[in-house]
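As provided, final-v1.cif (mmCIF, C-alpha atoms) reads as follows.
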data_protein
#
loop_
_atom_site.label_atom_id
_atom_site.label_comp_id
_atom_site.auth_asym_id
_atom_site.auth_seq_id
_atom_site.Cartn_x
_atom_site.Cartn_y
_atom_site.Cartn_z
CA MET D 1 14.73 -13.03 -12.45
CA THR D 2 17.38 -12.76 -15.16
CA GLU D 3 15.43 -9.97 -16.82
CA LEU D 4 16.23 -7.55 -14.03
CA PRO D 5 19.11 -5.16 -14.65
CA PRO D 6 21.98 -5.61 -12.20
CA LEU D 7 22.61 -3.04 -9.49
CA SER D 8 25.18 -0.42 -10.37
CA PRO D 9 27.49 0.09 -7.42
CA THR D 10 29.12 3.47 -7.09
CA GLY D 11 32.14 4.28 -4.95
CA ARG D 12 30.07 4.65 -1.82
CA THR D 13 28.11 1.45 -2.35
CA THR D 14 31.11 -0.74 -3.13
CA LEU D 15 32.26 -3.13 -0.44
CA GLY D 16 35.78 -3.57 0.77
CA ARG D 17 35.29 -5.92 3.70
CA LYS D 18 36.00 -9.60 3.77
CA LYS D 19 33.52 -12.39 4.44
CA ILE D 20 30.59 -10.13 3.67
CA ARG D 21 29.23 -10.62 0.23
CA ALA D 22 28.09 -7.83 -2.04
CA VAL D 23 25.07 -8.91 -3.99
CA THR D 24 24.51 -7.27 -7.31
CA ASP D 25 21.26 -8.75 -8.52
CA ARG D 26 18.18 -6.63 -8.31
CA ALA D 27 15.95 -9.53 -7.24
CA THR D 28 17.84 -9.79 -3.94
CA LEU D 29 17.45 -6.05 -3.38
CA TYR D 30 13.72 -6.40 -3.93
CA SER D 31 13.43 -9.38 -1.60
CA VAL D 32 15.22 -7.60 1.25
CA LEU D 33 13.11 -4.48 0.85
CA ASP D 34 9.91 -6.51 0.61
CA GLU D 35 10.62 -8.73 3.62
CA ALA D 36 11.57 -6.03 6.12
CA LEU D 37 8.93 -3.83 7.69
CA ILE D 38 10.85 -0.71 8.60
CA CYS D 39 13.76 1.17 7.12
CA HIS D 40 16.20 3.57 8.74
CA LEU D 41 16.08 6.89 6.93
CA GLY D 42 19.21 9.00 7.16
CA VAL D 43 19.19 12.71 6.46
CA VAL D 44 21.62 15.51 7.24
CA ARG D 45 20.24 18.24 9.46
CA ASP D 46 22.38 21.19 10.51
CA GLY D 47 25.40 19.26 9.31
CA VAL D 48 24.79 16.25 11.52
CA PRO D 49 23.23 12.93 10.56
CA MET D 50 19.76 12.00 11.73
CA VAL D 51 18.61 8.38 11.50
CA VAL D 52 14.90 7.72 11.91
CA PRO D 53 12.93 4.45 11.70
CA THR D 54 10.39 4.91 8.94
CA GLY D 55 7.63 2.96 7.25
CA TYR D 56 7.88 2.38 3.54
CA GLY D 57 6.73 0.39 0.56
CA ARG D 58 8.19 -0.58 -2.82
CA ASP D 59 6.64 -0.49 -6.26
CA GLY D 60 9.02 -1.58 -8.99
CA ASP D 61 12.10 0.58 -8.72
CA THR D 62 10.51 3.19 -6.50
CA LEU D 63 10.67 3.23 -2.72
CA TYR D 64 7.94 5.24 -1.05
CA LEU D 65 8.65 6.62 2.43
CA HIS D 66 5.84 7.49 4.76
CA GLY D 67 5.69 10.20 7.36
CA SER D 68 3.67 12.87 9.05
CA THR D 69 4.20 16.31 7.61
CA GLY D 70 5.10 17.25 11.17
CA ALA D 71 8.08 14.90 11.34
CA ALA D 72 11.35 16.76 11.15
CA SER D 73 13.08 14.03 9.16
CA MET D 74 10.36 14.04 6.51
CA ARG D 75 10.24 17.83 6.29
CA LYS D 76 13.98 17.90 5.80
CA ALA D 77 13.95 15.12 3.22
CA ALA D 78 11.15 16.81 1.31
CA THR D 79 13.38 19.72 0.42
CA GLY D 80 15.14 17.49 -2.05
CA ILE D 81 18.36 16.66 -0.25
CA GLU D 82 20.05 13.34 -0.57
CA VAL D 83 19.03 10.60 1.78
CA CYS D 84 20.35 7.18 2.65
CA VAL D 85 17.80 4.49 3.37
CA THR D 86 19.04 1.31 5.00
CA VAL D 87 17.01 -1.84 5.57
CA THR D 88 18.51 -4.64 7.63
CA LEU D 89 17.34 -8.19 8.26
CA LEU D 90 19.21 -10.01 11.00
CA ASP D 91 19.35 -13.75 10.27
CA GLY D 92 21.69 -15.20 12.87
CA ILE D 93 24.45 -14.87 15.42
CA VAL D 94 27.63 -16.52 14.20
CA TYR D 95 29.71 -18.12 16.95
CA ALA D 96 33.31 -18.69 15.93
CA ARG D 97 36.13 -20.52 17.68
CA SER D 98 37.75 -17.15 18.37
CA VAL D 99 36.06 -14.09 19.81
CA ASN D 100 37.38 -12.01 16.94
CA ASN D 101 35.63 -14.04 14.27
CA HIS D 102 32.19 -13.86 15.83
CA SER D 103 29.83 -12.28 13.37
CA MET D 104 26.25 -11.89 12.29
CA ASN D 105 24.37 -13.31 9.36
CA TYR D 106 22.26 -10.62 7.83
CA ARG D 107 20.96 -9.05 4.67
CA SER D 108 21.14 -5.30 4.33
CA ALA D 109 20.05 -2.98 1.56
CA MET D 110 21.29 0.56 1.26
CA VAL D 111 19.77 3.08 -1.10
CA TYR D 112 21.15 6.52 -1.85
CA GLY D 113 19.28 9.14 -3.73
CA GLU D 114 17.33 12.34 -3.78
CA ALA D 115 14.01 11.81 -2.07
CA LYS D 116 11.28 13.75 -3.82
CA PRO D 117 7.89 14.60 -2.34
CA VAL D 118 4.95 12.95 -4.06
CA THR D 119 2.28 15.60 -4.35
CA GLU D 120 0.26 14.85 -7.49
CA PRO D 121 -2.98 13.44 -5.99
CA GLU D 122 -3.25 10.24 -8.03
CA ALA D 123 0.42 9.41 -7.57
CA LYS D 124 0.23 10.20 -3.86
CA MET D 125 -2.81 7.96 -3.36
CA HIS D 126 -0.99 5.19 -5.21
CA ALA D 127 2.04 5.66 -2.97
CA LEU D 128 -0.14 5.42 0.15
CA HIS D 129 -1.66 2.22 -1.23
CA VAL D 130 1.81 0.76 -1.78
CA ILE D 131 2.93 1.70 1.74
CA SER D 132 -0.28 0.31 3.24
CA ASP D 133 0.09 -2.97 1.33
CA HIS D 134 3.62 -3.28 2.67
CA LEU D 135 2.77 -2.70 6.33
CA ALA D 136 -0.63 -4.34 6.41
CA PRO D 137 -1.58 -6.22 3.26
CA GLY D 138 -5.34 -6.35 2.82
CA SER D 139 -6.06 -3.33 4.99
CA TRP D 140 -6.45 -0.98 2.01
CA GLU D 141 -9.51 -2.99 0.98
CA HIS D 142 -10.73 -3.74 4.51
CA ALA D 143 -10.43 -0.49 6.45
CA ARG D 144 -11.96 2.93 5.95
CA ASP D 145 -10.43 4.93 3.06
CA VAL D 146 -8.17 7.90 3.54
CA ASN D 147 -10.29 11.06 3.65
CA ALA D 148 -9.36 14.47 2.25
CA LYS D 149 -8.11 15.89 5.53
CA GLU D 150 -5.93 12.86 6.24
CA PHE D 151 -4.68 12.86 2.66
CA ALA D 152 -3.51 16.45 3.01
CA ALA D 153 -1.84 15.85 6.36
CA VAL D 154 0.35 12.96 5.30
CA SER D 155 3.54 13.31 3.33
CA VAL D 156 5.13 10.77 1.06
CA LEU D 157 8.57 10.75 -0.46
CA ALA D 158 9.67 8.77 -3.50
CA LEU D 159 13.19 7.45 -3.89
CA ASP D 160 14.51 5.77 -7.03
CA LEU D 161 16.25 2.44 -6.54
CA ALA D 162 18.96 3.60 -8.92
CA GLU D 163 21.91 3.74 -6.55
CA ALA D 164 21.45 0.76 -4.31
CA SER D 165 23.53 -2.03 -2.87
CA VAL D 166 22.92 -5.18 -0.91
CA LYS D 167 25.38 -6.83 1.37
CA MET D 168 24.83 -10.05 3.12
CA ARG D 169 26.42 -12.78 5.16
CA ALA D 170 24.78 -16.17 5.13
CA GLU D 171 27.29 -18.79 6.22
CA GLY D 172 28.91 -20.50 9.15
CA PRO D 173 31.87 -19.21 11.13
CA GLY D 174 34.96 -18.10 9.23
CA ASP D 175 37.61 -19.38 11.57
CA GLU D 176 41.37 -19.16 11.24
CA PRO D 177 43.07 -22.44 10.15
CA GLU D 178 44.80 -22.78 13.54
CA ASP D 179 41.50 -22.40 15.43
CA LEU D 180 39.83 -24.92 13.17
CA GLU D 181 42.75 -27.27 13.81
CA ALA D 182 42.54 -26.88 17.60
CA ASN D 183 38.73 -27.04 17.44
CA SER D 184 38.60 -26.24 21.16
CA ALA D 185 35.52 -24.04 21.22
CA TRP D 186 32.00 -24.60 19.96
CA ALA D 187 31.20 -22.87 16.72
CA GLY D 188 28.01 -22.51 14.77
CA VAL D 189 25.07 -20.29 14.05
CA LEU D 190 22.18 -19.30 16.28
CA PRO D 191 19.39 -18.42 13.82
CA VAL D 192 17.32 -15.32 14.46
CA TYR D 193 13.73 -15.21 13.25
CA THR D 194 11.09 -12.54 13.36
CA VAL D 195 7.61 -13.96 13.80
CA PHE D 196 4.09 -12.72 14.24
CA GLY D 197 2.21 -13.56 17.42
CA GLU D 198 -1.51 -14.11 17.88
CA PRO D 199 -3.55 -11.11 16.69
CA GLU D 200 -5.09 -9.18 19.59
CA SER D 201 -8.47 -7.69 18.78
CA ASP D 202 -9.11 -4.18 20.06
CA LYS D 203 -11.33 -4.17 23.15
CA GLU D 204 -14.11 -2.42 21.22
CA VAL D 205 -14.27 -5.17 18.60
CA PRO D 206 -17.29 -7.40 19.49
CA PRO D 207 -16.18 -10.90 20.54
CA VAL D 208 -18.25 -12.44 17.71
CA VAL D 209 -16.17 -10.66 15.08
CA PRO D 210 -13.38 -12.96 13.92
CA VAL D 211 -9.87 -11.81 13.09
CA PRO D 212 -10.00 -11.33 9.30
CA ALA D 213 -7.96 -13.59 7.05
CA HIS D 214 -5.69 -10.81 5.85
CA VAL D 215 -4.43 -10.54 9.45
CA SER D 216 -4.70 -14.11 10.79
CA GLY D 217 -3.29 -15.62 7.63
CA ARG D 218 -0.33 -13.34 7.38
CA GLY D 219 2.85 -15.14 6.44
CA ALA D 220 6.34 -14.94 7.81
CA ALA D 221 7.12 -11.69 9.59
CA GLY D 222 9.62 -9.24 8.30
CA ARG D 223 11.69 -7.10 10.57
CA MET B 1 15.53 2.64 38.84
CA THR B 2 14.74 6.02 40.41
CA GLU B 3 18.44 6.65 40.99
CA LEU B 4 19.06 7.13 37.28
CA PRO B 5 19.16 10.70 36.02
CA PRO B 6 16.48 11.48 33.46
CA LEU B 7 17.37 11.92 29.82
CA SER B 8 17.91 15.50 28.74
CA PRO B 9 16.15 16.07 25.45
CA THR B 10 17.56 18.76 23.21
CA GLY B 11 15.75 20.39 20.30
CA ARG B 12 16.62 17.59 17.95
CA THR B 13 15.58 14.83 20.32
CA THR B 14 12.25 16.37 21.32
CA LEU B 15 9.15 14.84 19.84
CA GLY B 16 6.34 16.69 18.19
CA ARG B 17 4.21 13.86 16.89
CA LYS B 18 1.01 12.57 18.33
CA LYS B 19 0.31 9.07 19.65
CA ILE B 20 4.00 8.34 19.95
CA ARG B 21 5.29 8.70 23.44
CA ALA B 22 8.61 10.23 24.36
CA VAL B 23 10.17 8.37 27.25
CA THR B 24 12.50 10.29 29.46
CA ASP B 25 13.72 7.70 31.93
CA ARG B 26 17.17 6.33 31.49
CA ALA B 27 16.16 2.79 32.44
CA THR B 28 14.02 2.55 29.29
CA LEU B 29 16.91 3.81 27.17
CA TYR B 30 19.12 1.10 28.68
CA SER B 31 16.53 -1.62 28.13
CA VAL B 32 16.07 -0.75 24.45
CA LEU B 33 19.81 -0.64 23.84
CA ASP B 34 20.35 -3.89 25.74
CA GLU B 35 17.55 -5.82 24.03
CA ALA B 36 18.38 -4.97 20.43
CA LEU B 37 21.32 -6.61 18.67
CA ILE B 38 22.22 -4.10 15.99
CA CYS B 39 22.14 -0.35 15.69
CA HIS B 40 22.03 1.86 12.63
CA LEU B 41 25.00 4.21 12.67
CA GLY B 42 24.56 7.45 10.76
CA VAL B 43 27.50 9.53 9.64
CA VAL B 44 27.89 12.31 7.09
CA ARG B 45 30.24 11.57 4.25
CA ASP B 46 30.88 14.10 1.49
CA GLY B 47 27.83 15.97 2.71
CA VAL B 48 25.45 13.04 2.37
CA PRO B 49 24.18 10.74 5.08
CA MET B 50 25.39 7.17 5.34
CA VAL B 51 23.46 4.68 7.48
CA VAL B 52 25.19 1.41 8.30
CA PRO B 53 24.04 -1.52 10.46
CA THR B 54 26.61 -1.91 13.19
CA GLY B 55 27.27 -4.12 16.20
CA TYR B 56 27.55 -2.48 19.59
CA GLY B 57 27.48 -2.92 23.32
CA ARG B 58 26.62 -0.73 26.31
CA ASP B 59 28.47 -0.25 29.57
CA GLY B 60 26.81 2.26 31.86
CA ASP B 61 26.43 5.47 29.90
CA THR B 62 28.86 4.51 27.16
CA LEU B 63 27.89 2.90 23.88
CA TYR B 64 30.71 1.06 22.14
CA LEU B 65 30.48 0.64 18.38
CA HIS B 66 32.34 -2.09 16.62
CA GLY B 67 33.85 -2.12 13.17
CA SER B 68 36.70 -3.11 10.96
CA THR B 69 39.25 -0.38 10.45
CA GLY B 70 38.53 -0.92 6.75
CA ALA B 71 34.88 0.05 7.00
CA ALA B 72 34.28 3.48 5.55
CA SER B 73 31.65 4.39 8.12
CA MET B 74 33.97 3.60 11.01
CA ARG B 75 36.91 5.43 9.46
CA LYS B 76 34.73 8.47 9.00
CA ALA B 77 33.31 8.31 12.51
CA ALA B 78 36.77 7.92 14.00
CA THR B 79 37.76 11.38 12.91
CA GLY B 80 35.57 12.78 15.65
CA ILE B 81 32.53 13.93 13.76
CA GLU B 82 29.07 13.74 15.16
CA VAL B 83 27.12 10.56 14.66
CA CYS B 84 23.54 9.51 15.19
CA VAL B 85 22.97 5.99 16.43
CA THR B 86 19.44 4.63 16.21
CA VAL B 87 18.23 1.34 17.67
CA THR B 88 14.73 0.16 16.86
CA LEU B 89 12.66 -2.71 18.24
CA LEU B 90 9.50 -3.47 16.30
CA ASP B 91 6.80 -4.82 18.63
CA GLY B 92 3.66 -4.98 16.55
CA ILE B 93 1.59 -3.94 13.56
CA VAL B 94 -1.35 -1.80 14.63
CA TYR B 95 -4.50 -2.30 12.54
CA ALA B 96 -6.94 0.57 12.83
CA ARG B 97 -10.49 0.97 11.52
CA SER B 98 -9.14 3.48 8.99
CA VAL B 99 -6.14 3.03 6.74
CA ASN B 100 -4.75 6.35 7.91
CA ASN B 101 -4.55 5.30 11.55
CA HIS B 102 -2.62 2.12 10.94
CA SER B 103 0.62 2.26 12.86
CA MET B 104 3.41 0.28 14.43
CA ASN B 105 4.19 -0.45 18.04
CA TYR B 106 7.88 -0.01 18.59
CA ARG B 107 10.62 1.24 20.86
CA SER B 108 13.37 3.32 19.36
CA ALA B 109 16.43 4.92 20.92
CA MET B 110 18.35 7.69 19.23
CA VAL B 111 21.73 8.86 20.44
CA TYR B 112 23.60 11.87 19.15
CA GLY B 113 27.16 12.63 19.99
CA GLU B 114 30.77 12.72 18.98
CA ALA B 115 32.07 9.21 18.54
CA LYS B 116 35.61 8.92 19.78
CA PRO B 117 38.02 6.12 18.89
CA VAL B 118 39.03 3.92 21.83
CA THR B 119 42.75 3.36 21.46
CA GLU B 120 44.19 2.94 24.96
CA PRO B 121 44.80 -0.84 25.10
CA GLU B 122 43.06 -1.63 28.39
CA ALA B 123 40.04 0.49 27.53
CA LYS B 124 39.89 -0.99 24.04
CA MET B 125 40.01 -4.56 25.36
CA HIS B 126 37.23 -3.68 27.81
CA ALA B 127 35.17 -2.24 24.97
CA LEU B 128 35.62 -5.43 22.92
CA HIS B 129 34.52 -7.45 25.94
CA VAL B 130 31.39 -5.31 26.29
CA ILE B 131 30.56 -5.66 22.58
CA SER B 132 31.19 -9.42 22.70
CA ASP B 133 28.95 -9.83 25.76
CA HIS B 134 26.20 -7.97 23.95
CA LEU B 135 26.31 -10.02 20.74
CA ALA B 136 27.20 -13.38 22.23
CA PRO B 137 27.13 -13.52 26.02
CA GLY B 138 29.49 -16.18 27.34
CA SER B 139 31.69 -16.26 24.24
CA TRP B 140 34.36 -14.05 25.79
CA GLU B 141 35.03 -16.83 28.32
CA HIS B 142 34.42 -19.73 25.93
CA ALA B 143 36.19 -18.83 22.68
CA ARG B 144 39.82 -18.09 21.89
CA ASP B 145 41.02 -14.67 23.06
CA VAL B 146 41.71 -11.76 20.74
CA ASN B 147 45.36 -11.86 19.67
CA ALA B 148 47.65 -8.92 19.06
CA LYS B 149 47.15 -8.81 15.30
CA GLU B 150 43.38 -8.98 15.61
CA PHE B 151 43.42 -6.39 18.38
CA ALA B 152 45.27 -3.95 16.13
CA ALA B 153 43.00 -4.56 13.16
CA VAL B 154 39.72 -3.83 14.90
CA SER B 155 38.45 -0.38 15.67
CA VAL B 156 36.10 0.64 18.43
CA LEU B 157 34.28 3.91 18.94
CA ALA B 158 32.84 5.17 22.19
CA LEU B 159 29.74 7.33 22.32
CA ASP B 160 28.40 8.97 25.49
CA LEU B 161 24.72 8.43 26.18
CA ALA B 162 24.43 12.11 27.06
CA GLU B 163 22.15 13.28 24.27
CA ALA B 164 19.69 10.48 23.87
CA SER B 165 15.99 10.01 23.45
CA VAL B 166 13.57 7.13 23.38
CA LYS B 167 10.28 7.13 21.62
CA MET B 168 7.80 4.33 21.73
CA ARG B 169 4.29 3.29 20.89
CA ALA B 170 2.79 0.44 22.89
CA GLU B 171 -0.96 0.56 22.58
CA GLY B 172 -3.95 -0.42 20.50
CA PRO B 173 -5.29 1.47 17.51
CA GLY B 174 -5.95 5.18 17.90
CA ASP B 175 -9.14 5.45 15.86
CA GLU B 176 -11.25 8.50 15.16
CA PRO B 177 -14.49 8.69 17.21
CA GLU B 178 -16.63 8.25 14.07
CA ASP B 179 -14.72 5.11 13.06
CA LEU B 180 -15.04 3.69 16.55
CA GLU B 181 -18.76 4.44 16.40
CA ALA B 182 -19.20 2.72 13.03
CA ASN B 183 -16.90 -0.14 14.13
CA SER B 184 -17.09 -1.55 10.61
CA ALA B 185 -13.53 -2.80 10.28
CA TRP B 186 -11.44 -5.11 12.43
CA ALA B 187 -8.90 -3.37 14.60
CA GLY B 188 -6.19 -4.66 16.85
CA VAL B 189 -2.54 -5.46 17.12
CA LEU B 190 -0.50 -8.16 15.42
CA PRO B 191 2.47 -8.68 17.76
CA VAL B 192 5.93 -9.02 16.26
CA TYR B 193 8.54 -11.07 18.08
CA THR B 194 12.16 -11.80 17.37
CA VAL B 195 13.17 -15.28 18.46
CA PHE B 196 16.19 -17.53 18.33
CA GLY B 197 15.98 -20.81 16.43
CA GLU B 198 17.81 -24.05 17.16
CA PRO B 199 21.59 -23.58 17.26
CA GLU B 200 23.31 -25.14 14.25
CA SER B 201 26.73 -26.57 15.03
CA ASP B 202 29.45 -25.93 12.46
CA LYS B 203 30.12 -29.02 10.32
CA GLU B 204 33.62 -29.34 11.79
CA VAL B 205 32.29 -29.59 15.36
CA PRO B 206 32.32 -33.31 16.32
CA PRO B 207 28.77 -34.65 16.79
CA VAL B 208 29.57 -35.63 20.39
CA VAL B 209 30.20 -32.01 21.34
CA PRO B 210 27.02 -30.51 22.77
CA VAL B 211 25.89 -26.94 22.14
CA PRO B 212 27.20 -25.07 25.18
CA ALA B 213 24.75 -23.59 27.68
CA HIS B 214 25.68 -19.99 26.88
CA VAL B 215 24.27 -20.61 23.40
CA SER B 216 21.47 -23.14 23.96
CA GLY B 217 20.18 -21.36 27.04
CA ARG B 218 20.08 -17.94 25.50
CA GLY B 219 16.97 -15.99 26.40
CA ALA B 220 14.64 -13.90 24.34
CA ALA B 221 16.14 -12.59 21.13
CA GLY B 222 16.71 -8.94 20.53
CA ARG B 223 16.47 -7.41 17.15
#

Please lay out the structure from this file as structure tokens.
Amino acid sequence: MTELPPLSPTGRTTLGRKKIRAVTDRATLYSVLDEALICHLGVVRDGVPMVVPTGYGRDGDTLYLHGSTGAASMRKAATGIEVCVTVTLLDGIVYARSVNNHSMNYRSAMVYGEAKPVTEPEAKMHALHVISDHLAPGSWEHARDVNAKEFAAVSVLALDLAEASVKMRAEGPGDEPEDLEANSAWAGVLPVYTVFGEPESDKEVPPVVPVPAHVSGRGAAGR
Amino acid sequence: MTELPPLSPTGRTTLGRKKIRAVTDRATLYSVLDEALICHLGVVRDGVPMVVPTGYGRDGDTLYLHGSTGAASMRKAATGIEVCVTVTLLDGIVYARSVNNHSMNYRSAMVYGEAKPVTEPEAKMHALHVISDHLAPGSWEHARDVNAKEFAAVSVLALDLAEASVKMRAEGPGDEPEDLEANSAWAGVLPVYTVFGEPESDKEVPPVVPVPAHVSGRGAAGR
């Protein structure tokens, strides 16, 4: 992935905290965004922050955010104000020998930018395809297409991955030398995984209809 | 749980969207906050939103947020501005017979309020205990106590659960009558679970030391 340009941290995406690693390669940004299933979209409304879980999808260096035109957060974002989109994958609970050094292993991407509504029909349909492929790969081909009324009712925002950062922690406990010396408490990592369960067919699906491969064969779950 | 006062939705915590249910009982708010492991803390900095994954804990109607005094989001929040804290549990991917009706099952709590720094020593130690019990129950008793230097370096914010809302979706696909009639695509729910893996002892823990019960016996994982 050496061909990808590095991320360009700005003042607000630069890290100052210890033990948590800032990652500057774009491939890691992509992998975090592609693995997670929801983002938290932050907008400012009436001067106060509003943080809303939102579906999304990524195509290259564009993040598409999905929402009903009735959703306040999407209406607000569509006016062209700056947003902050944060995606977090929790990977483990880190138990240290001291309470103070307990931590979490995680990967988190943060994207700042001006979210712009996608209204040109072809671009909007493409954005919906990208979002659908992210949430439910294979459904775009399997399920009934978006009709004109539905197409008009949905809103999509596009956000450039220009100002983005990734921070992560992926290691064992960072204990103080004296606690390591005493070694009087257990320390380690309790991994956290997100997994898919058994697909549950809707009650109106005839029992003879199998769960299709794009659902039953879905890989590791994102968060 | 009938003794709990209902939540009091304000304009910004009232839902307008279909198929997603607003929950007004306080017990559900508590259960969402207690099950999840991280929140997304939203603050406004230089007029733009900033959304940061943050550890927390709940005691009654107080949410305690944890952070290093060096973290920009915590410094900003400590000045007394309004914050929005959102906690989301993803429960399933909902496959509908049409692409447009695909959805997610989830539970999400949103809390608005003025986050206030907890500085009085006894209250601050209590807050750290609450946060520790949330992230790693049993560690407060097992691991080395917080010392004076560590106590001074950490910052804790308290947020009243006064203005809070919960929205959730916990059902099968909501298909259009004509799609249900045609029944030409599979529909159902792919459950999403967050689980703990096998605890991994730190390499400096002697092999004879077992993983303690407060770690090995930990119940269902939150997100």

* To do: Can you turn the PyMOL selection byres ((chain D) within 6 of (chain B)) into a concrete residue list for this file, as number ranges by chain?
  => D: 42-44, 49-50, 84, 97-100, 143-146, 185, 187-197, 199-202

* Atom pair CA of Arg169 in chain D / CA of Ala123 in chain B: separation (Å) ->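 CA of Ala123 in chain B lies 29.4 Å from CA of Arg169 in chain D.
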
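Note that the spacing between CA of Lys124 in chain B and CA of Val156 in chain B amounts to 7.0 Å.
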
* Rounded to one decimal in Å, what is the spacing between CA of Met125 in chain D and CA of Leu159 in chain D? -> 16.0 Å

* To do: Specify as a ChimeraX atom specification each residue included when the PyMOL selection byres ((chain D and resi 158) around 6) is applied to this file.
  => /D:63-64,115-116,157,159

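Nearest to Ala36 in chain D of all the residues D:Ser155, D:His134, D:Val208, D:Pro117 is D:His134, based on all atoms listed in the file.
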
* Nearest to Thr62 in chain D: which of D:Thr28, D:Ala152, D:Ala164, D:Asp46 is it, counting all atoms listed in the file? -> D:Ala164

* Asked: For Ser31 in chain B, which of B:Val166, B:His126, B:Asp175, B:Ile131 is the closest residue, counting only C-alpha atoms?
  ->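 That would be B:Val166, the residue with the smallest distance to Ser31 in chain B.
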
* Asked: With distances taken over only C-alpha atoms, which of D:Lys167, D:Pro177, D:Ala213, D:Arg58 is nearest to Asp25 in chain D?
  ->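 Between D:Lys167, D:Pro177, D:Ala213, D:Arg58, the residue approaching Asp25 in chain D most closely is D:Lys167.
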
Step by step, gather every atom of range 124-136 of chain D that the file lists, find the box along x, y and z that holds them, add 3 Å on each side, and finally give centre and edge lengths in Å to one decimal, as JSON.
{"center_x": 0.4, "center_y": 2.9, "center_z": 0.6, "size_x": 12.4, "size_y": 20.5, "size_z": 17.6}
